[in-house]
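Encoded as structure tokens, the structure appears first; notes follow it.
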Amino acid sequence: MKPKALFNWSSGKDSALALYKILQEDQYEISTLLTSINEEFQRISMHGVQVSLLEKQAESLGIPLIKMELPKEPSMEEYQQIMSKTMAEIQAQGVTHSVFGDIFLEDLRKYREDQLNAIGMKAVFPLWKQDTSHLIHEFLELGFKTIVTCVNGTYLDKSFAGRIIDQKFIDDLPENVDPCGENGEFHTFTFDGPVFKNPIHFEIGETVKKTYPKPKTSPEEEDTEYVFWFCDLLLK
């Protein structure tokens with residue numbers, strides 16, 4: 001029997017490609033998807049995608065979905081408590097592995113591995129250390145379709161929000177932006193491709209600006225903000 005694994009599903013392109021690869025390798029039984037949700041706004045954390053669209057993805061993928069609801073701004077202690085409770089429930093179903101779509105962020109990988117090792121589970125990274133330029137082209141060649149739902153204003157302007165990722169989008173990216181947005185430059189919602197039974201239909205809503213305070217490194221430092229642009233997607 002294949003070991004049971006949960007898949008950490010963000011709704012975006014890296015998740016979709018990682019799921020495709022793990023299913024192709026056929027070494028694990030993907031028993032559930034796990035997605036972090038902002039409980040106040042009922043949207044996927046960071047990506048800003050409505051839960052209704054996430055649920056349509058899971059339905060099209062044919063994999064059960066667990067939504068881990070988090071407070072608007074959880075403390076690390078709150079996050080750990082909610083995560084521990086969720087993982088205990090998942091482990092009780094015989095799940096031994098956890099799959100992620102991370103590509104090259106070493107600190108994030110170590111954090112994930114340490115957290116899982118502490119409860120006797122193992123992490124799996126199907127995309128790890130692969131060239132991101134190659135990955136985004138492979139993603140498109142496989143027939144995946146994805147739209148940008150959030151951009152970090154430090155790297156990209158408002159015009160990139162709400163764009164479908166294609167060769168023109170890739171060509172338009174500044175040189176300092178990773179083609180997969182692996183440094184958090186942008187986030188996406190994948191609505192069609194070989195892992196889906198049918199495409200997810202949506203309409204593009206308004207693009208809104210949101211700001212978040214930057215942590216100060218000293219009391220004398222001036223208040224500054226992170227700027228993000230979110231393109232709202234509406235289920236059809």
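In the structure tokens, the first chain shown is A, the next is B, and so on; residue numbers restart at 1 for each chain, and ligands run from 1 in the order shown.
When the distance limit is 12 Å and only C-alpha atoms are what count, the residues near Ile119 (chain A), minus those fewer than 5 positions from it on the same chain, are A:Met83, A:Ser84, A:Lys85, A:Met87, A:Ala88, A:Ile90, A:Gln91, A:Ala92, A:Val95, A:Thr96, A:His97, A:Ser98, A:Arg112, A:Glu113, A:Asp114.
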Could you dump the residues just selected with N, CA, C and O atoms as a tab-separated table (two decimals), in the first residue's frame?
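Everything below was put into out_10.tsv:
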```tsv
chain	number	residue	atom	x	y	z
A	83	MET	N	-2.75	24.73	14.14
A	83	MET	CA	-2.06	23.77	13.28
A	83	MET	C	-1.90	22.42	13.98
A	83	MET	O	-2.13	21.37	13.37
A	84	SER	N	-1.55	22.42	15.25
A	84	SER	CA	-1.36	21.16	15.98
A	84	SER	C	-2.66	20.37	16.04
A	84	SER	O	-2.66	19.15	15.85
A	85	LYS	N	-3.76	21.05	16.32
A	85	LYS	CA	-5.07	20.39	16.38
A	85	LYS	C	-5.44	19.81	15.02
A	85	LYS	O	-5.88	18.65	14.90
A	87	MET	N	-3.41	19.01	12.47
A	87	MET	CA	-2.52	17.91	12.08
A	87	MET	C	-2.81	16.64	12.87
A	87	MET	O	-2.70	15.53	12.34
A	88	ALA	N	-3.20	16.77	14.14
A	88	ALA	CA	-3.55	15.60	14.93
A	88	ALA	C	-4.75	14.89	14.33
A	88	ALA	O	-4.80	13.64	14.26
A	90	ILE	N	-5.63	15.00	11.16
A	90	ILE	CA	-5.21	14.41	9.89
A	90	ILE	C	-4.40	13.13	10.13
A	90	ILE	O	-4.59	12.12	9.45
A	91	GLN	N	-3.51	13.16	11.10
A	91	GLN	CA	-2.71	11.98	11.43
A	91	GLN	C	-3.59	10.81	11.85
A	91	GLN	O	-3.28	9.65	11.57
A	92	ALA	N	-4.69	11.12	12.53
A	92	ALA	CA	-5.60	10.08	12.99
A	92	ALA	C	-6.21	9.30	11.82
A	92	ALA	O	-6.72	8.19	12.01
A	95	VAL	N	-2.46	9.45	7.89
A	95	VAL	CA	-1.61	10.24	6.99
A	95	VAL	C	-0.21	10.36	7.61
A	95	VAL	O	-0.06	10.71	8.78
A	96	THR	N	0.81	10.07	6.80
A	96	THR	CA	2.20	10.07	7.28
A	96	THR	C	3.10	11.09	6.59
A	96	THR	O	4.21	11.35	7.04
A	97	HIS	N	2.64	11.65	5.47
A	97	HIS	CA	3.46	12.59	4.69
A	97	HIS	C	2.67	13.85	4.37
A	97	HIS	O	1.43	13.83	4.32
A	98	SER	N	3.41	14.94	4.15
A	98	SER	CA	2.81	16.24	3.84
A	98	SER	C	3.54	16.83	2.63
A	98	SER	O	4.76	16.99	2.67
A	112	ARG	N	9.22	23.77	7.88
A	112	ARG	CA	8.20	22.74	7.62
A	112	ARG	C	8.69	21.37	8.09
A	112	ARG	O	7.96	20.61	8.72
A	113	GLU	N	9.92	21.04	7.74
A	113	GLU	CA	10.47	19.74	8.11
A	113	GLU	C	10.57	19.59	9.63
A	113	GLU	O	10.25	18.52	10.17
A	114	ASP	N	11.02	20.65	10.30
A	114	ASP	CA	11.14	20.59	11.76
A	114	ASP	C	9.78	20.37	12.42
A	114	ASP	O	9.65	19.58	13.37
```
Alpha helix (DSSP H) residues, from DSSP on the backbone, in chain A, as a ChimeraX atom specification
/A:13-25,51-61,76-91,106-117,132-141,167-172
Quick one: residues within 8 Å of Phe191 (chain A), only C-alpha atoms, excluding same-chain residues fewer than 3 positions away - as a PyMOL selection string?
chain A and resi 57+144-147+199-201
Can you work out which one of A:Asp171, A:Asp232, A:Glu220, A:Glu39 has the shortest atom-to-atom distance to Leu53 (chain A), counting only C-alpha atoms?
A:Asp232
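Restricting the calculation to only C-alpha atoms, the smallest distance between Glu40 (chain A) and any of A:Pro174, A:Gly12, A:Pro74, A:Gly62 is found for A:Pro74.
Residues in contact with region 204-218 of chain A at 6 Å, where only C-alpha atoms are counted and same-chain residues fewer than 2 positions away are skipped, are listed as Glu220, Glu221, Thr224, Glu225, Tyr226, Val227, Phe228, Trp229, Phe230, Cys231, Asp232 and Leu233 of chain A.
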